[in-house]
$ cat final_16.cif   # mmCIF, C-alpha atoms and all ligand atoms
data_structure
#
loop_
_atom_site.label_atom_id
_atom_site.label_comp_id
_atom_site.auth_asym_id
_atom_site.auth_seq_id
_atom_site.Cartn_x
_atom_site.Cartn_y
_atom_site.Cartn_z
CA MET A 1 -18.68 189.45 121.69
CA LEU A 2 -20.15 189.80 118.22
CA THR A 3 -18.15 190.79 115.14
CA LEU A 4 -20.10 193.23 112.96
CA ALA A 5 -19.54 194.65 109.51
CA THR A 6 -19.15 198.42 109.27
CA THR A 7 -20.90 200.92 107.00
CA THR A 8 -18.22 203.56 107.16
CA PRO A 9 -14.92 202.80 108.90
CA GLY A 10 -15.73 202.26 112.54
CA GLU A 11 -19.54 202.50 112.34
CA PRO A 12 -21.28 199.17 113.06
CA GLU A 13 -23.73 198.11 110.32
CA ILE A 14 -27.01 198.31 112.23
CA PHE A 15 -29.70 200.16 110.30
CA ALA A 16 -33.43 200.65 109.86
CA SER A 17 -34.85 199.74 106.45
CA LEU A 18 -37.52 197.70 104.68
CA GLN A 19 -36.95 193.97 104.30
CA GLY A 20 -36.10 193.88 100.60
CA GLU A 21 -36.28 190.13 99.88
CA GLY A 22 -38.27 187.00 100.57
CA PRO A 23 -41.42 186.23 102.55
CA SER A 24 -41.24 189.42 104.67
CA ILE A 25 -40.60 191.80 101.77
CA GLY A 26 -41.75 195.35 102.53
CA ARG A 27 -41.80 194.95 106.33
CA PRO A 28 -40.02 197.69 108.29
CA SER A 29 -37.07 196.01 109.98
CA THR A 30 -33.85 196.68 111.81
CA PHE A 31 -30.86 195.04 110.12
CA LEU A 32 -27.78 193.71 111.89
CA ARG A 33 -24.95 192.77 109.54
CA LEU A 34 -22.29 190.48 110.98
CA SER A 35 -18.79 189.95 109.69
CA ARG A 36 -17.18 186.82 108.19
CA CYS A 37 -18.47 184.02 105.96
CA ASN A 38 -17.59 180.37 105.36
CA LEU A 39 -18.39 180.61 101.63
CA ALA A 40 -17.08 182.91 98.89
CA CYS A 41 -19.79 183.54 96.30
CA GLN A 42 -18.31 185.15 93.21
CA TRP A 43 -21.28 187.54 92.93
CA CYS A 44 -21.62 188.28 96.67
CA ASP A 45 -22.94 191.82 97.17
CA THR A 46 -21.38 192.08 100.64
CA ALA A 47 -17.88 190.72 99.99
CA TYR A 48 -16.50 193.42 102.30
CA THR A 49 -17.86 191.34 105.21
CA TRP A 50 -15.50 188.45 104.51
CA ARG A 51 -12.90 189.25 101.84
CA PHE A 52 -10.43 191.38 103.69
CA THR A 53 -7.64 191.23 101.11
CA GLY A 54 -8.58 191.51 97.47
CA ASP A 55 -12.11 191.62 96.12
CA ASN A 56 -14.29 188.91 94.66
CA ARG A 57 -15.40 191.53 92.13
CA PRO A 58 -12.32 192.99 90.45
CA HIS A 59 -14.47 195.66 88.79
CA ARG A 60 -15.40 197.04 92.22
CA ASP A 61 -11.98 198.52 92.95
CA ALA A 62 -13.66 201.52 94.54
CA LEU A 63 -14.19 199.34 97.60
CA THR A 64 -10.45 198.98 98.16
CA PHE A 65 -10.09 201.94 100.50
CA GLU A 66 -12.88 200.65 102.72
CA ARG A 67 -11.29 197.31 103.50
CA GLN A 68 -9.01 198.71 106.16
CA ALA A 69 -11.69 199.03 108.80
CA ASN A 70 -14.60 196.85 107.80
CA GLN A 71 -15.29 194.92 110.96
CA ILE A 72 -15.77 195.77 114.62
CA ALA A 73 -16.20 193.66 117.77
CA LEU A 74 -18.95 194.75 120.16
CA ALA A 75 -20.43 193.28 123.33
CA GLU A 76 -23.93 191.80 123.01
CA GLU A 77 -25.24 194.42 125.48
CA ASP A 78 -23.90 197.23 123.28
CA VAL A 79 -25.46 195.74 120.14
CA ALA A 80 -28.80 195.23 121.93
CA ALA A 81 -28.78 198.87 123.12
CA ARG A 82 -28.14 200.12 119.56
CA ILE A 83 -31.00 197.96 118.24
CA ALA A 84 -33.32 199.09 121.06
CA ALA A 85 -32.62 202.74 120.13
CA LEU A 86 -34.14 202.20 116.65
CA PRO A 87 -37.91 201.89 115.96
CA PRO A 88 -39.39 198.80 117.70
CA VAL A 89 -39.76 196.56 114.70
CA ARG A 90 -38.56 193.19 113.52
CA LEU A 91 -34.90 192.27 113.51
CA VAL A 92 -33.19 190.82 110.44
CA ILE A 93 -29.78 189.32 111.20
CA THR A 94 -27.55 188.90 108.17
CA GLY A 95 -23.90 189.07 107.10
CA GLY A 96 -21.66 187.51 106.00
CA GLU A 97 -22.87 184.27 107.53
CA PRO A 98 -24.60 185.08 110.84
CA LEU A 99 -24.92 181.50 112.12
CA LEU A 100 -21.11 181.34 112.48
CA GLN A 101 -21.63 183.49 115.60
CA GLY A 102 -24.51 181.39 116.97
CA ALA A 103 -23.67 181.39 120.71
CA ALA A 104 -23.13 185.16 120.82
CA LEU A 105 -26.28 185.67 118.73
CA ALA A 106 -28.22 183.61 121.28
CA ARG A 107 -27.00 185.97 124.02
CA LEU A 108 -28.02 188.97 121.92
CA CYS A 109 -31.52 187.64 121.15
CA ALA A 110 -32.06 186.81 124.83
CA LEU A 111 -31.53 190.55 125.50
CA LEU A 112 -34.29 191.39 122.96
CA PRO A 113 -37.14 189.13 124.13
CA ASN A 114 -39.97 190.91 122.32
CA MET A 115 -38.26 191.19 118.94
CA HIS A 116 -39.37 189.12 115.95
CA VAL A 117 -36.09 187.60 114.73
CA GLU A 118 -35.46 186.66 111.11
CA ILE A 119 -32.10 185.20 110.03
CA GLU A 120 -30.59 185.33 106.55
CA THR A 121 -28.30 182.32 106.12
CA ASN A 122 -26.52 180.35 103.43
CA GLY A 123 -27.84 177.19 105.10
CA THR A 124 -24.52 175.45 105.75
CA VAL A 125 -24.33 176.01 109.53
CA ALA A 126 -26.68 174.39 112.04
CA PRO A 127 -28.38 176.95 114.30
CA HIS A 128 -26.81 177.01 117.77
CA PRO A 129 -29.14 175.12 120.19
CA ALA A 130 -29.45 178.17 122.46
CA LEU A 131 -30.25 180.43 119.50
CA ASP A 132 -32.77 178.27 117.66
CA PRO A 133 -35.71 178.71 120.10
CA LEU A 134 -35.29 182.51 119.85
CA VAL A 135 -35.58 182.61 116.04
CA HIS A 136 -38.96 183.07 114.33
CA GLN A 137 -37.92 182.70 110.71
CA TYR A 138 -34.93 181.49 108.69
CA ASN A 139 -34.43 182.74 105.14
CA VAL A 140 -32.14 180.03 103.78
CA SER A 141 -30.26 180.75 100.56
CA PRO A 142 -28.35 177.62 99.47
CA LYS A 143 -25.64 178.35 96.95
CA LEU A 144 -25.77 176.80 93.47
CA ALA A 145 -22.86 175.94 91.17
CA HIS A 146 -22.83 179.46 89.62
CA SER A 147 -21.82 180.89 93.03
CA GLY A 148 -18.38 179.34 92.47
CA ASN A 149 -18.43 177.45 95.78
CA PRO A 150 -17.76 173.68 95.68
CA ALA A 151 -21.02 171.76 96.23
CA GLU A 152 -19.42 169.78 99.06
CA LEU A 153 -19.10 173.06 101.00
CA ALA A 154 -22.28 174.80 99.89
CA LEU A 155 -24.91 172.05 99.59
CA LEU A 156 -24.68 169.88 102.70
CA PRO A 157 -27.27 167.05 102.56
CA GLU A 158 -27.85 166.89 106.33
CA ARG A 159 -28.39 170.66 106.51
CA LEU A 160 -30.74 170.79 103.50
CA THR A 161 -32.75 167.92 104.94
CA GLY A 162 -32.98 169.78 108.25
CA TRP A 163 -34.13 173.07 106.70
CA SER A 164 -36.64 171.31 104.48
CA GLY A 165 -38.27 169.78 107.56
CA ASN A 166 -38.21 173.05 109.52
CA ALA A 167 -41.54 174.92 109.27
CA ARG A 168 -39.76 178.20 110.18
CA ALA A 169 -37.44 177.96 107.17
CA PHE A 170 -38.00 179.45 103.70
CA PHE A 171 -35.66 178.82 100.78
CA LYS A 172 -34.49 181.72 98.60
CA PHE A 173 -32.37 180.68 95.63
CA VAL A 174 -30.38 183.23 93.63
CA VAL A 175 -30.67 182.33 89.94
CA ALA A 176 -29.49 183.76 86.64
CA THR A 177 -29.84 181.06 83.96
CA ASP A 178 -31.77 177.95 82.91
CA ASP A 179 -28.95 175.84 84.36
CA ASP A 180 -29.53 177.45 87.78
CA LEU A 181 -33.26 176.80 87.51
CA ALA A 182 -32.65 173.13 86.66
CA GLU A 183 -30.34 172.83 89.67
CA VAL A 184 -33.03 174.32 91.96
CA LEU A 185 -35.68 171.93 90.61
CA GLY A 186 -33.35 168.99 91.26
CA LEU A 187 -32.76 170.11 94.86
CA GLN A 188 -36.48 170.72 95.36
CA GLN A 189 -37.22 167.15 94.33
CA GLN A 190 -34.30 165.62 96.24
CA TYR A 191 -35.13 167.35 99.52
CA GLY A 192 -38.92 167.65 99.22
CA MET A 193 -38.99 171.46 99.41
CA THR A 194 -42.57 172.70 99.06
CA GLY A 195 -43.24 175.39 96.43
CA ASP A 196 -44.95 177.70 98.92
CA ARG A 197 -41.72 177.95 100.92
CA LEU A 198 -39.36 178.20 97.93
CA PHE A 199 -38.49 181.60 96.42
CA LEU A 200 -36.50 182.39 93.31
CA MET A 201 -34.60 185.69 93.24
CA ALA A 202 -32.69 187.10 90.26
CA GLU A 203 -28.97 187.63 90.66
CA GLY A 204 -28.29 191.34 90.31
CA ARG A 205 -26.95 194.40 92.07
CA SER A 206 -28.76 197.03 89.98
CA THR A 207 -32.31 197.58 88.72
CA ALA A 208 -31.05 197.01 85.16
CA GLU A 209 -29.48 193.64 86.04
CA LEU A 210 -32.58 192.51 87.92
CA ARG A 211 -35.03 193.65 85.25
CA ALA A 212 -33.03 191.88 82.54
CA ARG A 213 -33.67 188.54 84.31
CA GLN A 214 -37.08 189.00 85.89
CA ALA A 215 -39.36 188.35 82.89
CA TRP A 216 -37.66 184.96 82.49
CA LEU A 217 -37.78 184.42 86.24
CA ALA A 218 -41.50 185.22 86.51
CA ASP A 219 -42.28 182.67 83.78
CA ALA A 220 -40.20 180.06 85.61
CA CYS A 221 -42.09 180.72 88.87
CA VAL A 222 -45.45 180.40 87.13
CA SER A 223 -44.44 177.21 85.28
CA HIS A 224 -43.04 175.45 88.35
CA GLY A 225 -45.30 176.76 91.13
CA LEU A 226 -42.52 178.61 92.96
CA ARG A 227 -42.55 182.02 94.63
CA PHE A 228 -40.94 185.11 93.09
CA THR A 229 -39.09 187.69 95.10
CA ASP A 230 -37.72 191.01 93.98
CA ARG A 231 -34.83 192.84 95.64
CA LEU A 232 -36.78 195.91 96.68
CA HIS A 233 -33.87 197.69 98.38
CA ILE A 234 -31.84 197.66 95.16
CA HIS A 235 -34.58 199.61 93.34
CA LEU A 236 -35.07 202.02 96.24
CA TRP A 237 -31.49 202.72 97.27
CA GLY A 238 -29.12 200.87 94.92
CA ASP A 239 -26.29 198.59 96.06
CA THR A 240 -25.46 200.80 99.04
CA ARG A 241 -24.23 199.81 102.48
CA GLY A 242 -26.63 200.47 105.32
CA THR A 243 -29.81 200.11 103.24
C1 LIG B 301 -25.23 188.74 101.48
S1 LIG B 301 -26.20 187.36 101.93
C2 LIG B 301 -25.91 187.22 103.69
C3 LIG B 301 -26.60 186.03 104.31
C4 LIG B 301 -26.04 184.66 103.96
N1 LIG B 301 -24.62 184.65 103.87
C5 LIG B 301 -26.66 184.18 102.66
O1 LIG B 301 -25.95 184.06 101.67
O2 LIG B 301 -27.86 183.92 102.68
C6 LIG B 301 -27.88 187.97 101.89
C7 LIG B 301 -28.68 187.60 100.68
O3 LIG B 301 -28.19 188.28 99.54
C8 LIG B 301 -28.17 187.39 98.46
N2 LIG B 301 -27.24 187.90 97.47
C9 LIG B 301 -25.93 188.19 97.62
N3 LIG B 301 -25.40 188.68 96.49
C10 LIG B 301 -26.40 188.71 95.57
C11 LIG B 301 -26.49 189.10 94.20
N4 LIG B 301 -25.43 189.56 93.53
N5 LIG B 301 -27.70 189.01 93.60
C12 LIG B 301 -28.79 188.53 94.27
N6 LIG B 301 -28.76 188.15 95.56
C13 LIG B 301 -27.58 188.22 96.19
C14 LIG B 301 -27.77 186.08 99.12
O4 LIG B 301 -28.04 184.96 98.32
C15 LIG B 301 -28.64 186.11 100.36
O5 LIG B 301 -29.93 185.66 100.05
N1 LIG B 302 -33.28 196.27 102.69
C1 LIG B 302 -32.56 195.14 102.71
N2 LIG B 302 -33.20 193.95 102.73
C2 LIG B 302 -32.43 192.83 102.81
N3 LIG B 302 -32.86 191.56 102.91
C3 LIG B 302 -31.79 190.75 103.03
C4 LIG B 302 -30.64 191.52 102.99
C5 LIG B 302 -29.28 190.96 103.23
O1 LIG B 302 -28.28 191.54 102.83
O2 LIG B 302 -29.23 189.88 103.83
C6 LIG B 302 -31.04 192.85 102.85
C7 LIG B 302 -30.38 194.12 102.77
O3 LIG B 302 -29.14 194.26 102.73
N4 LIG B 302 -31.19 195.23 102.71
S1 LIG B 303 -22.85 182.97 101.56
FE1 LIG B 303 -23.84 185.00 101.65
S2 LIG B 303 -22.31 186.40 102.57
FE2 LIG B 303 -21.27 184.48 102.10
S3 LIG B 303 -20.29 184.91 100.15
FE3 LIG B 303 -22.30 183.95 99.69
S4 LIG B 303 -23.80 185.63 99.49
FE4 LIG B 303 -21.92 186.46 100.43
MG MG B 304 -28.17 192.44 100.96
#

$ encode --input "final_16.cif" --output "structure tokens"
Amino acid sequence: MLTLATTTPGEPEIFASLQGEGPSIGRPSTFLRLSRCNLACQWCDTAYTWRFTGDNRPHRDALTFERQANQIALAEEDVAARIAALPPVRLVITGGEPLLQGAALARLCALLPNMHVEIETNGTVAPHPALDPLVHQYNVSPKLAHSGNPAELALLPERLTGWSGNARAFFKFVVATDDDLAEVLGLQQQYGMTGDRLFLMAEGRSTAELRARQAWLADACVSHGLRFTDRLHIHLWGDTRGT
């Protein structure tokens, strides 16, 4: 069984969209959003996938009513059938933290042999050995101090070393300030992350928030030879579930 997030109470969060972030930005993709996370980022835009009592964003009280029914367990065969019913494109598996459900994800991907599989992960969980050969690309987003997670939970040396040496892995750091940039540059040096596989992405859940940071961010990318990624879906559809 897989545990999925829901868009509206009871509806599993499987949807067709454009990949909004990272190396595959703009590609038509089917998204599968799984429930639960092992971290608790204070600015997480999908806290409903893991914070079932209370909200990590007190100003988002409008979400309160939705927390009652925000996850659903489905068999891998059922999930595969729902994905197969959408246009035959790439699959982006996200969450929450999808690698927490690695064995079940391996069973799902085995049912979708022709699908290009991309995984969005916080980078703290090793891919399940049965899943790893079925994954084409990992978009790894390690969490910096401003996420509010303790470094000993969020920045695991053995995991970061593993991702850095994995040619299928890209790094995508969420940044907001010069302190965040300095932290990224330190990690880049420590773990030998190459600039062509390292993206910076502004923290923000609205076009206004993103735009306010992106001039600074673009300069930082140019100065340090790093890649810039927007959050395309935010501009197109806002911070809306199922997009
Ligand atoms: C919700 S996470 C799910 C996958 C996985 N847990 C992770 O963190 O990579 C998907 C992506 O959204 C990013 N994200 C979440 N909240 C954000 C925010 N407020 N601003 C910018 N990016 C955000 C995460 O860093 C990650 O790259
Ligand atoms: N369109 C779109 N692109 C995305 N890329 C990564 C996402 C995520 O939440 O992991 C995401 C998302 O939620 N929507
Ligand atoms: S790791 Fe990802 S899903 Fe988990 S709290 Fe952070 S941004 Fe949200
Ligand atoms: Mg998202």

$ atom_distance --input "final_16.cif" --atom1 "atom FE4 of ligand LIG 303 (chain B)" --atom2 "CA of Thr49 in chain A"
7.9 Å

$ closest_residue --input "final_16.cif" --among "A:Pro98, A:Pro87, A:Pro129, A:Pro150" --to "ligand LIG 301 (chain B)" --atoms "all atoms listed in the file"
A:Pro98

$ residues_near_ligand --input "final_16.cif" --ligand "ligand LIG 303 (chain B)" --cutoff "12 Å" --atoms "all atoms listed in the file" --output "ChimeraX atom specification"
/A:5,33-51,55-57,93-100,119-125,139-150,153-155,172-174,203-205

$ residues_around --input "final_16.cif" --residues "Ala218 in chain A" --least-positions-apart "4" --cutoff "10 Å" --atoms "all atoms listed in the file" --output "ChimeraX atom specification"
/A:200-202,213-214,222-223,226-229

$ residues_around --input "final_16.cif" --residues "range 106-110 of chain A" --least-positions-apart "2" --cutoff "9 Å" --atoms "all atoms listed in the file" --output "list of chain:residue names"
A:Leu2, A:Ala75, A:Glu76, A:Glu77, A:Val79, A:Ala80, A:Gln101, A:Gly102, A:Ala103, A:Ala104, A:Leu112, A:Pro113, A:Met115, A:Val117, A:His128, A:Pro129, A:Ala130, A:Leu131, A:Asp132, A:Leu134, A:Val135

$ residues_near_ligand --input "final_16.cif" --ligand "ligand LIG 302 (chain B)" --cutoff "6 Å" --atoms "all atoms listed in the file" --output "JSON list (two decimals) with C-alpha atoms, in the frame of the given file"
[["chain", "number", "residue", "atom", "x", "y", "z"],
["A", 17, "SER", "CA", -34.85, 199.74, 106.45],
["A", 18, "LEU", "CA", -37.52, 197.70, 104.68],
["A", 19, "GLN", "CA", -36.95, 193.97, 104.30],
["A", 20, "GLY", "CA", -36.10, 193.88, 100.60],
["A", 21, "GLU", "CA", -36.28, 190.13, 99.88],
["A", 94, "THR", "CA", -27.55, 188.90, 108.17],
["A", 120, "GLU", "CA", -30.59, 185.33, 106.55],
["A", 233, "HIS", "CA", -33.87, 197.69, 98.38],
["A", 243, "THR", "CA", -29.81, 200.11, 103.24]]

$ closest_residue --input "final_16.cif" --among "A:Trp237, A:Tyr138, A:Phe52, A:Phe170" --to "ligand MG 304 (chain B)" --atoms "all atoms listed in the file"
A:Trp237

$ closest_residue --input "final_16.cif" --among "A:Arg241, A:Gly192, A:Arg211, A:Ala84" --to "Thr8 in chain A" --atoms "only C-alpha atoms"
A:Arg241

$ atom_distance --input "final_16.cif" --atom1 "CA of Ala182 in chain A" --atom2 "CA of Leu160 in chain A"
17.1 Å

$ closest_residue --input "final_16.cif" --among "A:Glu158, A:Glu118, A:Asp219, A:Glu152" --to "ligand LIG 301 (chain B)" --atoms "all atoms listed in the file"
A:Glu118

$ closest_residue --input "final_16.cif" --among "A:Ala176, A:Ala81, A:Leu74, A:Val92" --to "ligand MG 304 (chain B)" --atoms "all atoms listed in the file"
A:Val92

$ atom_distance --input "final_16.cif" --atom1 "atom N6 of ligand LIG 301 (chain B)" --atom2 "CA of Arg27 in chain A"
18.2 Å

$ closest_residue --input "final_16.cif" --among "A:Gln188, A:Thr240, A:Ser29, A:Ser206" --to "ligand LIG 301 (chain B)" --atoms "only C-alpha atoms and all ligand atoms"
A:Ser206

$ axis_aligned_box --input "final_16.cif" --around "ligand LIG 301 (chain B)" --padding-each-side "8 Å" --output "JSON"
{"center_x": -27.3, "center_y": 186.7, "center_z": 98.9, "size_x": 21.3, "size_y": 21.6, "size_z": 26.8}

$ build_atoms --input "final_16.cif" --residues "range 131-142 of chain A" --atoms "all heavy atoms" --output "mmCIF file, keeping the file's coordinate frame"
data_model
loop_
_atom_site.group_PDB
_atom_site.id
_atom_site.type_symbol
_atom_site.label_atom_id
_atom_site.label_comp_id
_atom_site.auth_asym_id
_atom_site.auth_seq_id
_atom_site.Cartn_x
_atom_site.Cartn_y
_atom_site.Cartn_z
ATOM 1 N N LEU A 131 -29.695 179.390 120.368
ATOM 2 C CA LEU A 131 -30.250 180.430 119.500
ATOM 3 C C LEU A 131 -31.579 179.990 118.877
ATOM 4 O O LEU A 131 -32.534 180.777 118.792
ATOM 5 C CB LEU A 131 -29.246 180.750 118.369
ATOM 6 C CG LEU A 131 -29.756 181.690 117.264
ATOM 7 C CD1 LEU A 131 -29.996 183.091 117.824
ATOM 8 C CD2 LEU A 131 -28.764 181.739 116.101
ATOM 9 N N ASP A 132 -31.632 178.742 118.470
ATOM 10 C CA ASP A 132 -32.770 178.270 117.660
ATOM 11 C C ASP A 132 -34.145 178.594 118.253
ATOM 12 O O ASP A 132 -35.020 179.074 117.527
ATOM 13 C CB ASP A 132 -32.605 176.756 117.402
ATOM 14 C CG ASP A 132 -33.621 176.253 116.395
ATOM 15 O OD1 ASP A 132 -33.768 176.878 115.325
ATOM 16 O OD2 ASP A 132 -34.296 175.257 116.703
ATOM 17 N N PRO A 133 -34.376 178.407 119.569
ATOM 18 C CA PRO A 133 -35.710 178.710 120.100
ATOM 19 C C PRO A 133 -36.058 180.191 120.055
ATOM 20 O O PRO A 133 -37.234 180.556 120.215
ATOM 21 C CB PRO A 133 -35.654 178.225 121.553
ATOM 22 C CG PRO A 133 -34.377 177.511 121.724
ATOM 23 C CD PRO A 133 -33.487 177.838 120.586
ATOM 24 N N LEU A 134 -35.066 181.063 119.834
ATOM 25 C CA LEU A 134 -35.290 182.510 119.850
ATOM 26 C C LEU A 134 -35.513 183.071 118.439
ATOM 27 O O LEU A 134 -35.707 184.267 118.261
ATOM 28 C CB LEU A 134 -34.101 183.220 120.516
ATOM 29 C CG LEU A 134 -33.755 182.708 121.923
ATOM 30 C CD1 LEU A 134 -32.483 183.369 122.449
ATOM 31 C CD2 LEU A 134 -34.921 182.969 122.879
ATOM 32 N N VAL A 135 -35.454 182.179 117.433
ATOM 33 C CA VAL A 135 -35.580 182.610 116.040
ATOM 34 C C VAL A 135 -36.977 182.287 115.517
ATOM 35 O O VAL A 135 -37.472 181.175 115.696
ATOM 36 C CB VAL A 135 -34.518 181.907 115.160
ATOM 37 C CG1 VAL A 135 -34.685 182.287 113.689
ATOM 38 C CG2 VAL A 135 -33.119 182.266 115.641
ATOM 39 N N HIS A 136 -37.611 183.275 114.871
ATOM 40 C CA HIS A 136 -38.960 183.070 114.330
ATOM 41 C C HIS A 136 -38.941 182.593 112.888
ATOM 42 O O HIS A 136 -39.861 181.902 112.447
ATOM 43 C CB HIS A 136 -39.763 184.372 114.441
ATOM 44 C CG HIS A 136 -39.935 184.829 115.856
ATOM 45 N ND1 HIS A 136 -38.953 185.512 116.542
ATOM 46 C CD2 HIS A 136 -40.954 184.659 116.719
ATOM 47 C CE1 HIS A 136 -39.381 185.774 117.774
ATOM 48 N NE2 HIS A 136 -40.576 185.252 117.908
ATOM 49 N N GLN A 137 -37.926 183.011 112.148
ATOM 50 C CA GLN A 137 -37.920 182.700 110.710
ATOM 51 C C GLN A 137 -36.480 182.627 110.188
ATOM 52 O O GLN A 137 -35.658 183.475 110.526
ATOM 53 C CB GLN A 137 -38.673 183.810 109.968
ATOM 54 C CG GLN A 137 -38.814 183.618 108.479
ATOM 55 C CD GLN A 137 -39.650 184.749 107.874
ATOM 56 O OE1 GLN A 137 -40.710 185.097 108.368
ATOM 57 N NE2 GLN A 137 -39.159 185.331 106.807
ATOM 58 N N TYR A 138 -36.212 181.603 109.388
ATOM 59 C CA TYR A 138 -34.930 181.490 108.690
ATOM 60 C C TYR A 138 -35.163 181.686 107.199
ATOM 61 O O TYR A 138 -36.035 181.013 106.619
ATOM 62 C CB TYR A 138 -34.326 180.099 108.897
ATOM 63 C CG TYR A 138 -33.920 179.769 110.315
ATOM 64 C CD1 TYR A 138 -34.759 179.035 111.151
ATOM 65 C CD2 TYR A 138 -32.684 180.186 110.818
ATOM 66 C CE1 TYR A 138 -34.384 178.718 112.455
ATOM 67 C CE2 TYR A 138 -32.301 179.868 112.122
ATOM 68 C CZ TYR A 138 -33.151 179.139 112.926
ATOM 69 O OH TYR A 138 -32.771 178.830 114.212
ATOM 70 N N ASN A 139 -34.405 182.584 106.596
ATOM 71 C CA ASN A 139 -34.430 182.740 105.140
ATOM 72 C C ASN A 139 -33.151 182.076 104.628
ATOM 73 O O ASN A 139 -32.063 182.653 104.734
ATOM 74 C CB ASN A 139 -34.492 184.217 104.758
ATOM 75 C CG ASN A 139 -35.727 184.890 105.337
ATOM 76 O OD1 ASN A 139 -36.791 184.272 105.425
ATOM 77 N ND2 ASN A 139 -35.595 186.127 105.755
ATOM 78 N N VAL A 140 -33.296 180.860 104.115
ATOM 79 C CA VAL A 140 -32.140 180.030 103.780
ATOM 80 C C VAL A 140 -31.847 180.138 102.288
ATOM 81 O O VAL A 140 -32.714 179.862 101.458
ATOM 82 C CB VAL A 140 -32.425 178.550 104.144
ATOM 83 C CG1 VAL A 140 -31.204 177.688 103.868
ATOM 84 C CG2 VAL A 140 -32.859 178.435 105.600
ATOM 85 N N SER A 141 -30.626 180.518 101.967
ATOM 86 C CA SER A 141 -30.260 180.750 100.560
ATOM 87 C C SER A 141 -29.110 179.836 100.160
ATOM 88 O O SER A 141 -27.942 180.260 100.127
ATOM 89 C CB SER A 141 -29.881 182.236 100.400
ATOM 90 O OG SER A 141 -29.659 182.561 99.056
ATOM 91 N N PRO A 142 -29.417 178.557 99.853
ATOM 92 C CA PRO A 142 -28.350 177.620 99.470
ATOM 93 C C PRO A 142 -27.689 178.078 98.174
ATOM 94 O O PRO A 142 -28.352 178.623 97.291
ATOM 95 C CB PRO A 142 -29.091 176.296 99.275
ATOM 96 C CG PRO A 142 -30.434 176.476 99.914
ATOM 97 C CD PRO A 142 -30.739 177.928 99.779
#
